[in-house]
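Data first, discussion second: the structure below is written as structure tokens.
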Amino acid sequence: MRNMPLSTFKKITGQLIVMLCLFSAVSKAQITVNGTGSYATITAAIAAASAGDVIQVPAGIYNENPDINKSLKLRGAQWGNCALSRTGAETVISCPNGIGVNASNVTIDGFTIQDQDGANAALAPGFGFAVYMVPPNTGTQLLNNIIRNNTLGTGLSNAGSFPAQVNINCNWYDANNTPGPIFREAIYADSDISGGSVSNVFINDNKFTNHTGGVGIDFEMTTAGTRAESITMTNNLFDGNLRAVTFYNVVSSLFSNNEIKNSTFATSADLRIFGGVNGLSVFNNKFDGSNGVVHAIRMTPVVGPNTNVSIFENSFTGYSPSNTVFLDPQSYTGGPIPATCNWFGTADAATIASIMGSPVSYIPYLTNGTDVLTANGFQPVPGSCNGTNQPPSITCPENVTLDCSIGIPEPNTESVIVSGTCPVISVTWEGDEVTSQTCASTFTIVRTYKATDACGNMATCTQTITVVDTTPPTLTVPANITLQCTDPLPLMPLNINSSPNFIDGTYNVGTAVFGAPLTATPLTADAVLVNDGTGGAGNPYDACESIMNDVTGKIAVIERSGCTPPAELFCYQSQ
């Protein structure tokens with residue numbers, strides 16, 4: 001954040017003010033355009049050149065403010081030589097108002113750019129930056145430069161749909177801490193300075209050192225509807241800055257193979273995410289907080305929640321014991337943030353769990369912190385992502401069988417035995433499930449308990465309680481009786497199933513037409529009329545005698561001979 005937006009300084013005066021410094025070059029060599037001509041100033045060579053030309057500027061000190069308004073290649077004495085480690089004479093551009101890039105596809109290669117003054121933030125061509133990419137121009141190539149002792153290093157712009165890539169490669173940003181009305185930062189973009197959203201930017205193999213008042217890379221896209229998209233930041237070194245990186249509304253971007261150390265903002269984080277970040281991959285970076293920074297990564301929902309952030313195969317060492325990766329409330333959506341296969345300075349499960357105070361999914365983790373390559377960032381030992389710290393061991397009470405539902409034990413977590421690598425912090429009863437029920441007193445209970453440890457691991461066990469009703473019911477039969485044929489038959493129960501549920505009753509009928517007497521053949525019809533004939537041996541199924549046929553599931557309707565309707569009848573289903 002800053003004391004006042006840079007746009008405010010652009011509007012201080014009613015008209016554009018351009019301050020030109022006098023040219024004084026140590027070298028007597030002359031500037032050329034495409035290898036010919038002789039120009040005393042860079043500004044003169046730009047005026048004489050055409051789009052696509054190459055301007056070669058020999059070693060020396062040039063006190064001027066170039067305004068590059070054509071698609072040109074400006075090459076200093078060190079063009080093509082990475083600024084991170086080189087020797088030899090430098091081409092130095094030194095003046096308070098910086099350099100303006102007022103055309104697309106401009107290349108600035110092999111210079112030292114210094115002494116921009118933040119007090120001149122309203123003045124062209126730099127507007128407070130050592131190099132200002134003026135929107136809506138695109139495709140700037142900033143290569144092999146030393147950018148030091150300014151208030152702000154580079155004002156970044158690359159707007160529009162599918163713009164040509166901005167390439168910031170092999171530059172050394174050092175000590176851009178010159179006092180001014182705004183914070184001091186190496187690379188800066190916001191929706192005003194950048195003319196809206198920024199996309200397709202490649203920031204690779206740069207060094208950011210000693211920005212004690214600001215940030216190495218800062219994307220502050222805080223205006224609604226603007227964002228930084230497809231930003232690739234790889235192989236960079238951040239050493240001795242207030243913070244390494246700050247993101248607002250950065251989407252579909254990559255932060256990998258960078259090294260961060262010696263940051264000075266003790267109460268903040270090296271990678272500070274202020275919201276609206278979506279689709280960011282953070283992997284193979286080396287974070288060193290031994291200088292006193294409390295967090296390696298911290299998220300806050302200042303401009304909205306963050307989502308789809310992946311943190312993978314990084315090394316985090318030297319940070320405060322609490323919360324190496326820290327998420328403020330409501331700062332991340334979509335579940336715990338995935339942060340697996342990282343090295344946290346130890347292989348001890350309990351220690352790692354103690355620094356994960358936020359909803360972070362960190363298992364499995366690296367158990368070896370060796371960096372196997374000398375390249376930038378962190379490259380872990382293959383196969384060392386095996387820190388899966390075992391879940392707790394949990395043993396439930398023994399299974400039991402009961403002879404009835406009376407006496408089923410109540411759930412009791414104290415009867416559960418637990419242990420584990422990490423301290424077990426809770427044992428809970430998760431519920432009972434009733435299965436295999438065949439009657440009210442025969443069923444099975446499956447009782448579940450769960451143990452949770454301080455590393456976030458969980459384990460469950462079950463106890464089986466079987467209830468079986470083996471006691472038969474008590475049956476009382478009515479006393480035997482003897483009846484005359486004219487006496488009404490007693491009503492018999494209609495047994496509709498094997499359970500002790502009975503239906504009986506008296507039925508009235510009118511005059512019936514009877515068929516032939518029953519034969520010895522078992523009854524097959526659903527309902528059969530039984531005629532009480534003359535009795536005797538010729539009619540074994542006389543109603544005054546026992547009906548011996550198998551009448552399972554059938555209904556026998558019987559009329560008494562010599563009786564006047566209504567007659568007393570009964571139904572009977574045999575067993």
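The way I read the labels, and the way they are meant: chains A, B, ... in the order of the structure tokens, residue 1 as the first residue of every chain, and ligand 1 as the first ligand shown, with later ones counted on from there.
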
Item to complete: Excluding stretch 82-94 of chain A and any residue of its chain fewer than 5 positions from it, enumerate the residues within 8 Å of it, using only C-alpha atoms, and give them as number ranges by chain.
Response: A: 57-65, 76-77, 110-116, 143-146, 170-172, 206-207

Would you put the residues from that selection into a file with N, CA and C atoms, as a compact mmCIF listing (two decimals), in the first residue's frame?
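Saved as out.txt:
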```txt
# COMPACT_ATOMS: atom_id res chain seq x y z
N VAL A 57 24.33 2.46 -27.68
CA VAL A 57 24.81 3.54 -26.82
C VAL A 57 26.06 3.04 -26.10
N PRO A 58 27.21 3.61 -26.35
CA PRO A 58 28.45 3.14 -25.72
C PRO A 58 28.49 3.47 -24.24
N ALA A 59 29.50 2.91 -23.55
CA ALA A 59 29.65 3.14 -22.12
C ALA A 59 29.83 4.62 -21.85
N GLY A 60 29.32 5.05 -20.71
CA GLY A 60 29.40 6.45 -20.32
C GLY A 60 28.21 6.81 -19.46
N ILE A 61 28.15 8.05 -19.04
CA ILE A 61 27.04 8.53 -18.22
C ILE A 61 26.23 9.50 -19.06
N TYR A 62 24.94 9.26 -19.14
CA TYR A 62 24.04 10.05 -19.97
C TYR A 62 22.97 10.66 -19.07
N ASN A 63 23.05 11.95 -18.85
CA ASN A 63 22.10 12.65 -18.00
C ASN A 63 20.95 13.17 -18.85
N GLU A 64 20.02 12.29 -19.18
CA GLU A 64 18.87 12.69 -19.97
C GLU A 64 17.70 11.76 -19.68
N ASN A 65 16.54 12.19 -20.15
CA ASN A 65 15.31 11.45 -19.90
C ASN A 65 14.75 10.94 -21.22
N GLY A 76 22.80 -0.90 -24.55
CA GLY A 76 23.94 -0.30 -23.88
C GLY A 76 25.19 -1.14 -24.08
N ALA A 77 26.24 -0.74 -23.41
CA ALA A 77 27.53 -1.43 -23.58
C ALA A 77 27.47 -2.88 -23.11
N GLY A 110 20.91 -3.83 -21.51
CA GLY A 110 22.32 -3.62 -21.19
C GLY A 110 22.68 -2.27 -20.61
N PHE A 111 21.77 -1.62 -19.85
CA PHE A 111 22.03 -0.32 -19.27
C PHE A 111 22.08 -0.40 -17.74
N THR A 112 22.61 0.65 -17.14
CA THR A 112 22.38 0.96 -15.73
C THR A 112 21.50 2.19 -15.69
N ILE A 113 20.37 2.09 -15.02
CA ILE A 113 19.37 3.17 -14.99
C ILE A 113 19.21 3.57 -13.52
N GLN A 114 19.51 4.82 -13.22
CA GLN A 114 19.58 5.22 -11.82
C GLN A 114 19.18 6.67 -11.60
N ASP A 115 19.02 7.00 -10.30
CA ASP A 115 18.84 8.38 -9.83
C ASP A 115 17.49 9.00 -10.16
N GLN A 116 16.49 8.23 -10.51
CA GLN A 116 15.15 8.79 -10.65
C GLN A 116 14.69 9.28 -9.27
N LEU A 143 15.73 -6.01 -20.56
CA LEU A 143 16.69 -7.10 -20.48
C LEU A 143 18.04 -6.61 -19.97
N ASN A 144 18.64 -7.36 -19.06
CA ASN A 144 20.05 -7.20 -18.69
C ASN A 144 20.38 -5.79 -18.20
N ASN A 145 19.50 -5.21 -17.41
CA ASN A 145 19.74 -3.86 -16.89
C ASN A 145 19.95 -3.88 -15.39
N ILE A 146 20.75 -2.91 -14.92
CA ILE A 146 20.86 -2.65 -13.48
C ILE A 146 20.01 -1.42 -13.20
N CYS A 170 16.67 -11.01 -16.48
CA CYS A 170 18.08 -10.86 -16.14
C CYS A 170 18.44 -9.43 -15.72
N ASN A 171 17.53 -8.78 -15.03
CA ASN A 171 17.80 -7.45 -14.49
C ASN A 171 18.12 -7.54 -13.00
N TRP A 172 18.86 -6.53 -12.53
CA TRP A 172 19.16 -6.43 -11.11
C TRP A 172 18.54 -5.15 -10.58
N ASN A 206 15.64 -12.52 -12.44
CA ASN A 206 16.01 -11.19 -11.95
C ASN A 206 16.45 -11.28 -10.50
N LYS A 207 17.11 -10.22 -10.05
CA LYS A 207 17.53 -10.13 -8.65
C LYS A 207 16.93 -8.86 -8.06
```

Practice prompt. Figure out the distance between atom CA of A:Gly37 and atom CA of A:Val54, please, to one decimal in Å.
Written response: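 Between atom CA of A:Val54 and atom CA of A:Gly37 the gap works out to 11.9 Å.
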
Worksheet item: Near stretch 244-246 of chain A, within 6 Å and counting only C-alpha atoms, which residues show up once chain neighbours fewer than 6 positions away are dropped, as a ChimeraX atom specification?
Response: /A:215-218,238,270-273

Write the residues you've just listed into a file as a PDB file, in the first residue's frame, and include N, CA and C atoms for each of them.
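Saved file result-v2.pdb follows:
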```
ATOM      1  N   VAL A 215       8.464  -3.402  -1.906  1.00  0.00           N
ATOM      2  CA  VAL A 215       8.261  -4.776  -2.337  1.00  0.00           C
ATOM      3  C   VAL A 215       9.035  -5.035  -3.631  1.00  0.00           C
ATOM      4  N   GLY A 216       9.470  -6.275  -3.806  1.00  0.00           N
ATOM      5  CA  GLY A 216      10.136  -6.630  -5.052  1.00  0.00           C
ATOM      6  C   GLY A 216       9.180  -6.561  -6.240  1.00  0.00           C
ATOM      7  N   ILE A 217       8.069  -7.310  -6.175  1.00  0.00           N
ATOM      8  CA  ILE A 217       7.054  -7.319  -7.234  1.00  0.00           C
ATOM      9  C   ILE A 217       5.704  -7.044  -6.580  1.00  0.00           C
ATOM     10  N   ASP A 218       4.983  -6.061  -7.096  1.00  0.00           N
ATOM     11  CA  ASP A 218       3.727  -5.640  -6.472  1.00  0.00           C
ATOM     12  C   ASP A 218       2.653  -5.456  -7.547  1.00  0.00           C
ATOM     13  N   PHE A 238      15.035 -12.819  -4.251  1.00  0.00           N
ATOM     14  CA  PHE A 238      14.570 -11.695  -3.438  1.00  0.00           C
ATOM     15  C   PHE A 238      15.392 -11.713  -2.147  1.00  0.00           C
ATOM     16  N   ASP A 270       6.405 -13.064   3.393  1.00  0.00           N
ATOM     17  CA  ASP A 270       7.198 -12.883   2.177  1.00  0.00           C
ATOM     18  C   ASP A 270       6.324 -12.849   0.938  1.00  0.00           C
ATOM     19  N   LEU A 271       5.354 -13.755   0.859  1.00  0.00           N
ATOM     20  CA  LEU A 271       4.382 -13.748  -0.234  1.00  0.00           C
ATOM     21  C   LEU A 271       3.050 -13.338   0.373  1.00  0.00           C
ATOM     22  N   ARG A 272       2.646 -12.095   0.103  1.00  0.00           N
ATOM     23  CA  ARG A 272       1.454 -11.525   0.742  1.00  0.00           C
ATOM     24  C   ARG A 272       0.327 -11.450  -0.275  1.00  0.00           C
ATOM     25  N   ILE A 273      -0.763 -12.175  -0.012  1.00  0.00           N
ATOM     26  CA  ILE A 273      -1.891 -12.288  -0.931  1.00  0.00           C
ATOM     27  C   ILE A 273      -3.094 -11.596  -0.302  1.00  0.00           C
TER      28      ILE A 273
END
```

Worksheet entry | Shell around A:Thr317 at 8 Å using only C-alpha atoms, local window under 6 positions removed, as a PyMOL selection string | chain A and resi 287-290+343-345

May I have the selected residues written with N, CA and C atoms, as a CSV table (one decimal), in the first residue's frame?
```
chain,number,residue,atom,x,y,z
A,287,PHE,N,11.8,-20.5,0.7
A,287,PHE,CA,11.4,-19.5,1.6
A,287,PHE,C,12.3,-19.6,2.8
A,288,ASP,N,13.0,-18.5,3.2
A,288,ASP,CA,13.8,-18.5,4.3
A,288,ASP,C,13.4,-17.3,5.2
A,289,GLY,N,12.8,-17.6,6.4
A,289,GLY,CA,12.3,-16.6,7.3
A,289,GLY,C,13.2,-16.3,8.5
A,290,SER,N,14.5,-16.7,8.4
A,290,SER,CA,15.3,-16.7,9.6
A,290,SER,C,15.7,-15.2,10.0
A,343,TRP,N,8.6,-28.9,2.3
A,343,TRP,CA,9.6,-29.1,3.5
A,343,TRP,C,9.3,-28.0,4.5
A,344,PHE,N,9.1,-28.4,5.7
A,344,PHE,CA,8.8,-27.4,6.8
A,344,PHE,C,9.9,-27.3,7.8
A,345,GLY,N,11.1,-27.8,7.4
A,345,GLY,CA,12.3,-27.7,8.3
A,345,GLY,C,12.4,-28.8,9.3
```
